[in-house]
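K.L.:
Could you have a look at this structure, given as structure tokens, before my questions?
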Amino acid sequence: MFKRLTAAFCLLVLLSGCASLPKDPKRIESHSIAANANSDLSEIFDPAIAAHPRRSGVVLLHEPEIALRARDEMTTLAEHTLDVQYYIWSDDKVGRILTQRLLDAADRGVRVRILLDDFTLNIDDIYLAAFSDHPNVELRLFNPFAHRTTKALGFITDIQRVNQRMHNKIFVLDNKVAIVGGRNIGDNYFGVKDSYNSRDIDVLTIGPVVDDISKSFDEYWNSDWAYPIKNIYPHEISEENNKLILKELKKQATLDRASLPFDLIRSKKEIVEGIRSNIKQLDWARIDVIFDPTEKLRGDTNTVAAQFETALIGVNQEMLAEIAYFVPGNELVNDFKIANDKGIHIRFLTNSLTSTEVLPAYAGFSSYRKDLLKAGVELYEYRSDAKERFTWPEPSHNALTRLHSKTFVVDRQFSFIGSFNFDPRSVDLNTEIGLLIDSPEFAEKVIAVLDEGVLPGNAWKLELDSKANKIKWHDQEGSTPLKKEPYSSWWQRVKATVLRILPIESQL
């Protein structure tokens, strides 16, 4: 029996070894296009941008419904280009709705460029190829797996390459408006999944910062890590099959849209009028785009992690952070201890054992909990039954809650919102992007959201019992503190313990 299993395993390795990426992917270089000065958006935004030289306008997208509506309406407003870059694009309601909306824009003559990481992509190549057959659409996969039917085999034969991923998340309209933040494209990021939904934070921005965001997209799009789907799936799709695939997508997307708990449909005129009336809500700030160059994957500078180090060194009074996957390492814990000794207040909210989507990351974090508390860090874990879900769309009300945002504020002045987690994977293995926003007015708005995350009913506050050297979890509502991870089963705790002692921290 053992010999047969060994032989089968070796055969799988050999078969996967036969698969390889195209040697000549025939990439056609393209770049962002300047917005039309006569467009509705230019007419609205340009006077405001001119009134705030060297500043960009920014608004917070925290509520899930608003975050989805913003992306949907950007597809309606597009006149020239839509550039989207995501780590995850799910084959679910939101994924199909936005896919169809991109196609609708392409039908109007809008150039659509889509760059997706291949790691979690669960859409068959034939559908991606059919989508990219549209004359105004091009879709590329970032660092794709050579073996298309069983991606797991790629970890056997090509682990060093495929373990490096593009974690960036951006949505750019006409090189005029951009969304950057923590959200991927999928139901759970917008409060419409009935099993679990994620607390997350994005920002929508206009002004000179959008040029820099577009330049980051172009760098990834034109890099040798990005493969056109037509080279990954070189088979011809008949015109009849192509029409059938897109017809089915449109039919399903229409049903998906009708099943949402809120109405997305607004005319372009209504959207433009809404923008006119709400433009005064923008905060104007100096905004820097911090993104990892693609060469990070070959060992070059990891720009985002370096920016975090700079931000930590520059803290004078306070740092408030909300990070989904928090594996700080001994050096950072020591930095927190030094900061605490200087009277600097540091607060972190991260996932609890029952709210986390990535158990190994939680296990890595749990190794540092006691040291963090000893270092003076105010520490919270997000609840899997967070009360704030009742302010989200209806499917969230009976679903679990998770934390997915990656946000911090320094000295009530600088806000960072993006894709970067405080973990080794973000530092060394993934590429990341985020916006560093210099504005005390905007920082106060971000802090208000961060403060909501640690309210009683949304988070457990951790305390170290110094005598017993044990952690206690407080619900902050007067109940007796818990001595074990709240709501967790013994089996969850066993798995976390086993993962904690394995030498895998560099992969978390």
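Naming works like this for the structure tokens: A, B, ... for the chains as they're shown, residue 1 at the start of each chain, ligands 1 onward in shown order.
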Do you know which residues are at most 7 Å from stretch 102-108 of chain A counting only C-alpha atoms, after dropping those on the same chain fewer than 5 positions away, and could you put them as a short mmCIF file (atom, residue, chain, number, x, y, z; two decimals) with N, CA, C and O atoms, in the first residue's frame?
P.N.:
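Produced file part_9.cif, reproduced below:
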data_model
loop_
_atom_site.label_atom_id
_atom_site.label_comp_id
_atom_site.auth_asym_id
_atom_site.auth_seq_id
_atom_site.Cartn_x
_atom_site.Cartn_y
_atom_site.Cartn_z
N THR A 75 -18.17 52.21 -11.90
CA THR A 75 -18.32 51.57 -13.22
C THR A 75 -19.34 52.31 -14.08
O THR A 75 -19.24 52.32 -15.31
N THR A 76 -20.34 52.91 -13.44
CA THR A 76 -21.33 53.70 -14.18
C THR A 76 -20.72 55.00 -14.72
O THR A 76 -21.02 55.42 -15.83
N ALA A 78 -17.55 55.66 -15.42
CA ALA A 78 -16.35 55.52 -16.26
C ALA A 78 -16.63 55.95 -17.70
O ALA A 78 -17.62 55.55 -18.30
N ASN A 136 -12.46 45.47 -25.48
CA ASN A 136 -12.04 46.54 -24.57
C ASN A 136 -11.60 46.04 -23.20
O ASN A 136 -11.45 46.83 -22.27
N VAL A 137 -11.41 44.73 -23.09
CA VAL A 137 -11.03 44.14 -21.81
C VAL A 137 -9.73 43.37 -21.96
O VAL A 137 -9.53 42.65 -22.93
#
K.L.:
Quick one: residues within 8 Å of A:Glu485, only C-alpha atoms counted, chain neighbours fewer than 2 positions away excluded, as number ranges by chain?
P.N.:
A: 352-353, 473, 482-483, 487-488, 493
K.L.:
As a ChimeraX atom specification, please: the residues near A:Ala178 (cut-off 6 Å, only C-alpha atoms, same-chain neighbours under 2 positions excluded).
P.N.:
/A:171-172,204-205
K.L.:
With distances taken over only C-alpha atoms, which of A:Gln492, A:Glu381, A:Phe414, A:Leu429 is nearest to A:Asp475?
P.N.:
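Going through A:Gln492, A:Glu381, A:Phe414, A:Leu429 one by one, the smallest distance to A:Asp475 is for A:Glu381.
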K.L.:
Which is closer to A:Glu79 than all the others in A:Ser42, A:Ala459, A:Arg55, A:Ile49, using only C-alpha atoms?
P.N.:
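Smallest distance to A:Glu79 is found for A:Ser42.
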K.L.:
As an MDAnalysis selection string, please: every residue in stretch 310-416 of chain A that a backbone DSSP assignment puts in strand (DSSP E).
P.N.:
chainID A and resid 318:323 345:351 378:382 400:403 406:410 414:416
K.L.:
If you count only C-alpha atoms, which residues fall within 10 Å of A:Leu21, apart from same-chain ones fewer than 5 positions away, as a short mmCIF file (atom, residue, chain, number, x, y, z; two decimals) with N, CA and C atoms, in the first residue's frame?
P.N.:
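Output saved as around.cif:
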data_model
loop_
_atom_site.label_atom_id
_atom_site.label_comp_id
_atom_site.auth_asym_id
_atom_site.auth_seq_id
_atom_site.Cartn_x
_atom_site.Cartn_y
_atom_site.Cartn_z
N ASN A 143 1.71 36.31 -11.14
CA ASN A 143 2.46 35.14 -10.64
C ASN A 143 1.60 33.88 -10.66
N PRO A 144 1.11 33.49 -11.84
CA PRO A 144 0.17 32.36 -11.91
C PRO A 144 0.82 31.01 -11.66
N PHE A 145 0.01 30.08 -11.24
CA PHE A 145 0.44 28.69 -11.11
C PHE A 145 0.54 28.08 -12.50
N ALA A 146 1.60 27.33 -12.72
CA ALA A 146 1.77 26.69 -14.02
C ALA A 146 0.78 25.55 -14.20
N HIS A 147 0.53 24.80 -13.12
CA HIS A 147 -0.42 23.68 -13.18
C HIS A 147 -1.80 24.22 -12.88
N TYR A 227 0.77 37.85 -16.35
CA TYR A 227 0.60 37.04 -17.55
C TYR A 227 -0.80 37.23 -18.13
N ASN A 231 -2.55 33.81 -22.71
CA ASN A 231 -1.36 32.98 -22.77
C ASN A 231 -1.43 31.82 -21.80
N ILE A 232 -2.16 32.02 -20.72
CA ILE A 232 -2.35 30.93 -19.74
C ILE A 232 -3.38 29.94 -20.28
#
K.L.:
I'd like the contact shell of A:Ile33 - 12 Å cut-off, only C-alpha atoms, skipping same-chain residues fewer than 3 positions apart - returned as a list in words.
P.N.:
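The filter keeps Ser30, Asn36, Ala37, Glu79, His80, Thr81, Leu82, Asp83, Val110, Arg111, Val112, Arg113, Val172, Leu173, Asp174, Asn175, Lys176, Val210, Asp211, Ser214, Lys215 and Asp218 of chain A.
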